[in-house]
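Data first, discussion second: the structure below is written as C-alpha cells.
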Amino acid sequence: MRAERPCGTLTAVSPAEINGSRRRSAVVVHPLRVGNLAAYQRRVVAALRRAGWPEPLWLPTTAEDPGPGQTRRAVQAGVDVVFVAGGDGTVRACVGELAGTDVALAVLPAGTGNLLAANLGLGDDVTDGVEIAVRGGRRRIDVGQVGERSFVVMAGMGFDAKMIGATSERSKAALGWPAYVFGAMRHLRDHPMRVSVRLDGGKPIRRRASTVLIGNVGRLQGGVLLLADAQPDDGKLDVAVLTPRSLAHWWSLGWAVLRRHERVPGMEVFTARKVHVISDRPQPRQLDGDLVEPHRALTVTVRPRALLLCVPQPADSPDLAEGAP
C-alpha cells in the first residue's frame, strides 16, 4: 500500500496581520449551485460579521461570464479574499485572474465534484469555508496552464474527457459523483489512441493509451487516489498514462487504484514541468472537469506556487478571537 505524503507547507497569517485592518472580500457565486441564494448570502455574511469582516461584494456568475470578469472586478476593487461558491468549473474560471496576485482564493464548495476542496481538506460546509479564510491559513499552490486557460486539479485527454461528456447535468444533480461511473461505462470498449508524450522536451514516450491525465493533485471523484505522490506546491505536474486493452484490464487497473497498490497494471506515472501530448486523431479534452475543444495535442505547463489559497490554520498557530475588530 502506498503511503500518502503530507499536504505540504502551510503559510500561517498571524491575527495581527488579519486584524490590522478591516479585511475586504468578494463572493463569486454560481447562483444555480447554491440553492436558495438569499439564505446562502445570510450564512456567509453572518460568518464574516462574527470575525469582524464587513459584508462582501457579491458577484454572481452568468452564462456569458462564468467567473473571470467577476474575479477581475473583485481584484480591481482591492479585496483581500475572493470566495468562490460553485463547483470545480467555477473555481477554475476564477483561478486565471487570481494566479500571480496576492489576493487569496477561498473555496466554498457548492457543485458536484469539488475536487480541489477534497484534495486539500477544505470540507464542504459554507460556514467552515468562511472561517478557514478569516482565521488566516494560507498556502501557495501551483497552477497548470493550457494556452490562456488555467487549472488547479487535473487536465486530461481521451477517456476521462469522454466520461465527462457522457455524464449529464441531470444525472449529476440526482446522483452526485457516482453519475460519472455510468458515463465511464459507455466508453470502456473504445479503441485506444496512439499518443506521443514528451516530458520537459525529452524523448517522446509512445503508447497506445485510453487516456493521459496531467494532475496538480491526486484525488478523483469519490475520493479515489490516483496520483499518490502528487503535491500541489512542488512545481511539478504528475502525468498518468493509462493503457488498458480490455474490460479485464480496466477491472485490474481500477481495483489496484482503489486498493492503493504500489504498482497499478496498465498505468505509468511520470513527473514534469511541461507536458506535450500528441494523439493520432483529435480527442476530447478537459480541464478540471470542463470540456474544451477536441484536438490532437495537449500542452500543459506549470506555474509554480502562483495561487494563494485559504486553507485550515495549522493547529499550533494562534487563532483569531471571534468577533475581533
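Ordering of the C-alpha cells sets the chain letters (A, B, ...); residue numbers start at 1 within each chain; ligands are numbered from 1 in the order shown.
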Tell me, counting only C-alpha atoms, for each residue of stretch 208-319 of chain A within 6 Å of stretch 184-196 of chain A, which pair of atoms is nearest and how far apart they are in Å to one decimal, in rows ordered by chain and increasing number, as CSV.
residue,atom,partner,partner_atom,distance
A:Arg208,CA,A:Arg194,CA,4.5
A:Ala209,CA,A:Pro192,CA,5.2
A:Ser210,CA,A:Pro192,CA,4.6
A:Val277,CA,A:Ser196,CA,5.7
A:Ile278,CA,A:Ser196,CA,5.2
A:Ser279,CA,A:Val195,CA,4.4
A:Asp280,CA,A:Arg194,CA,5.4
Expected file: the selected residues, N, CA and C atoms, as a PDB file, in the first residue's frame:
ATOM      1  N   ARG A 208      -0.043   3.145 -26.778  1.00  0.00           N
ATOM      2  CA  ARG A 208      -1.458   3.032 -27.150  1.00  0.00           C
ATOM      3  C   ARG A 208      -2.251   3.216 -25.862  1.00  0.00           C
ATOM      4  N   ALA A 209      -2.825   4.396 -25.697  1.00  0.00           N
ATOM      5  CA  ALA A 209      -3.416   4.761 -24.408  1.00  0.00           C
ATOM      6  C   ALA A 209      -4.896   5.086 -24.540  1.00  0.00           C
ATOM      7  N   SER A 210      -5.619   4.827 -23.462  1.00  0.00           N
ATOM      8  CA  SER A 210      -7.019   5.248 -23.392  1.00  0.00           C
ATOM      9  C   SER A 210      -7.135   6.694 -22.953  1.00  0.00           C
ATOM     10  N   VAL A 277       1.449  16.363 -25.306  1.00  0.00           N
ATOM     11  CA  VAL A 277       0.822  15.113 -25.742  1.00  0.00           C
ATOM     12  C   VAL A 277       0.279  15.299 -27.152  1.00  0.00           C
ATOM     13  N   ILE A 278       0.611  14.361 -28.024  1.00  0.00           N
ATOM     14  CA  ILE A 278       0.075  14.373 -29.389  1.00  0.00           C
ATOM     15  C   ILE A 278      -0.583  13.026 -29.652  1.00  0.00           C
ATOM     16  N   SER A 279      -1.812  13.065 -30.165  1.00  0.00           N
ATOM     17  CA  SER A 279      -2.558  11.853 -30.496  1.00  0.00           C
ATOM     18  C   SER A 279      -2.629  11.669 -32.005  1.00  0.00           C
ATOM     19  N   ASP A 280      -2.948  10.428 -32.416  1.00  0.00           N
ATOM     20  CA  ASP A 280      -3.065  10.152 -33.842  1.00  0.00           C
ATOM     21  C   ASP A 280      -4.354  10.690 -34.443  1.00  0.00           C
TER      22      ASP A 280
END
From a DSSP pass on the backbone, collect the residues of stretch 126-317 of chain A flagged as strand (DSSP E) and hand them back as a ChimeraX atom specification.
/A:137-146,149-151,154-158,193-199,205-209,211-215,237-242,267-272,274-287,290-310
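The spacing separating atom CA of A:Ala166 from atom CA of A:Val29 amounts to 26.0 Å.
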Within 8 Å of stretch 245-261 of chain A, counting only C-alpha atoms, which residues qualify if same-chain residues fewer than 4 places away don't, as number ranges by chain?
A: 1-2, 188-189, 192, 224-226, 265-267
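The two atoms in question, atom CA of A:Lys203 and atom CA of A:Glu262, are spaced 26.0 Å apart.
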For stretch 140-152 of chain A, work out the shell of residues within 7 Å, counting only C-alpha atoms and skipping chain neighbours fewer than 4 positions away, then give it as a ChimeraX atom specification.
/A:92,95-96,216,232-233,235,287-288,299-309
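In terms of minimum interatomic distance to A:Ala297, A:Val197 ranks closest within A:Val81, A:Val197, A:Gln313, A:Val264, counting only C-alpha atoms.
Proximity to A:Gly156 at 9 Å, evaluated using only C-alpha atoms and with sequence-adjacent residues fewer than 5 positions away removed, yields A:Ala161, A:Thr211, A:Val212, A:Leu213, A:Ile214, A:Gly215, A:Pro284, A:Arg285, A:Gln286, A:Leu287, A:Asp288, A:Gly289, A:Leu298.
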Using N, CA and C atoms, can you write the selected residues to a file as a PDB file, in the first residue's frame?
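Saved to selection.pdb:
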ATOM      1  N   ALA A 161     -12.143  12.621 -20.560  1.00  0.00           N
ATOM      2  CA  ALA A 161     -12.967  13.673 -21.150  1.00  0.00           C
ATOM      3  C   ALA A 161     -14.238  13.081 -21.772  1.00  0.00           C
ATOM      4  N   THR A 211      -6.230   7.100 -22.087  1.00  0.00           N
ATOM      5  CA  THR A 211      -6.272   8.477 -21.606  1.00  0.00           C
ATOM      6  C   THR A 211      -4.912   8.884 -21.076  1.00  0.00           C
ATOM      7  N   VAL A 212      -4.663  10.190 -21.109  1.00  0.00           N
ATOM      8  CA  VAL A 212      -3.493  10.774 -20.457  1.00  0.00           C
ATOM      9  C   VAL A 212      -4.019  11.841 -19.500  1.00  0.00           C
ATOM     10  N   LEU A 213      -3.690  11.681 -18.221  1.00  0.00           N
ATOM     11  CA  LEU A 213      -4.123  12.618 -17.193  1.00  0.00           C
ATOM     12  C   LEU A 213      -2.916  13.376 -16.658  1.00  0.00           C
ATOM     13  N   ILE A 214      -3.070  14.679 -16.486  1.00  0.00           N
ATOM     14  CA  ILE A 214      -1.984  15.532 -16.009  1.00  0.00           C
ATOM     15  C   ILE A 214      -2.495  16.237 -14.768  1.00  0.00           C
ATOM     16  N   GLY A 215      -1.983  15.828 -13.604  1.00  0.00           N
ATOM     17  CA  GLY A 215      -2.559  16.272 -12.351  1.00  0.00           C
ATOM     18  C   GLY A 215      -1.689  17.212 -11.548  1.00  0.00           C
ATOM     19  N   PRO A 284     -11.290  14.267 -27.273  1.00  0.00           N
ATOM     20  CA  PRO A 284     -11.893  15.162 -26.274  1.00  0.00           C
ATOM     21  C   PRO A 284     -10.859  15.522 -25.213  1.00  0.00           C
ATOM     22  N   ARG A 285     -10.960  16.739 -24.670  1.00  0.00           N
ATOM     23  CA  ARG A 285     -10.031  17.198 -23.652  1.00  0.00           C
ATOM     24  C   ARG A 285     -10.821  17.895 -22.544  1.00  0.00           C
ATOM     25  N   GLN A 286     -10.263  17.875 -21.340  1.00  0.00           N
ATOM     26  CA  GLN A 286     -10.934  18.526 -20.219  1.00  0.00           C
ATOM     27  C   GLN A 286      -9.929  19.173 -19.295  1.00  0.00           C
ATOM     28  N   LEU A 287     -10.386  20.253 -18.644  1.00  0.00           N
ATOM     29  CA  LEU A 287      -9.616  20.947 -17.616  1.00  0.00           C
ATOM     30  C   LEU A 287     -10.495  21.073 -16.385  1.00  0.00           C
ATOM     31  N   ASP A 288     -10.113  20.422 -15.310  1.00  0.00           N
ATOM     32  CA  ASP A 288     -10.877  20.469 -14.062  1.00  0.00           C
ATOM     33  C   ASP A 288     -12.349  20.132 -14.276  1.00  0.00           C
ATOM     34  N   GLY A 289     -12.602  19.161 -15.159  1.00  0.00           N
ATOM     35  CA  GLY A 289     -13.969  18.716 -15.389  1.00  0.00           C
ATOM     36  C   GLY A 289     -14.749  19.508 -16.410  1.00  0.00           C
ATOM     37  N   LEU A 298      -2.225  18.335 -26.630  1.00  0.00           N
ATOM     38  CA  LEU A 298      -2.484  18.958 -25.335  1.00  0.00           C
ATOM     39  C   LEU A 298      -1.127  19.313 -24.732  1.00  0.00           C
TER      40      LEU A 298
END
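Counting from atom CA of A:Phe270, the distance to atom CA of A:Ala228 is 11.8 Å.
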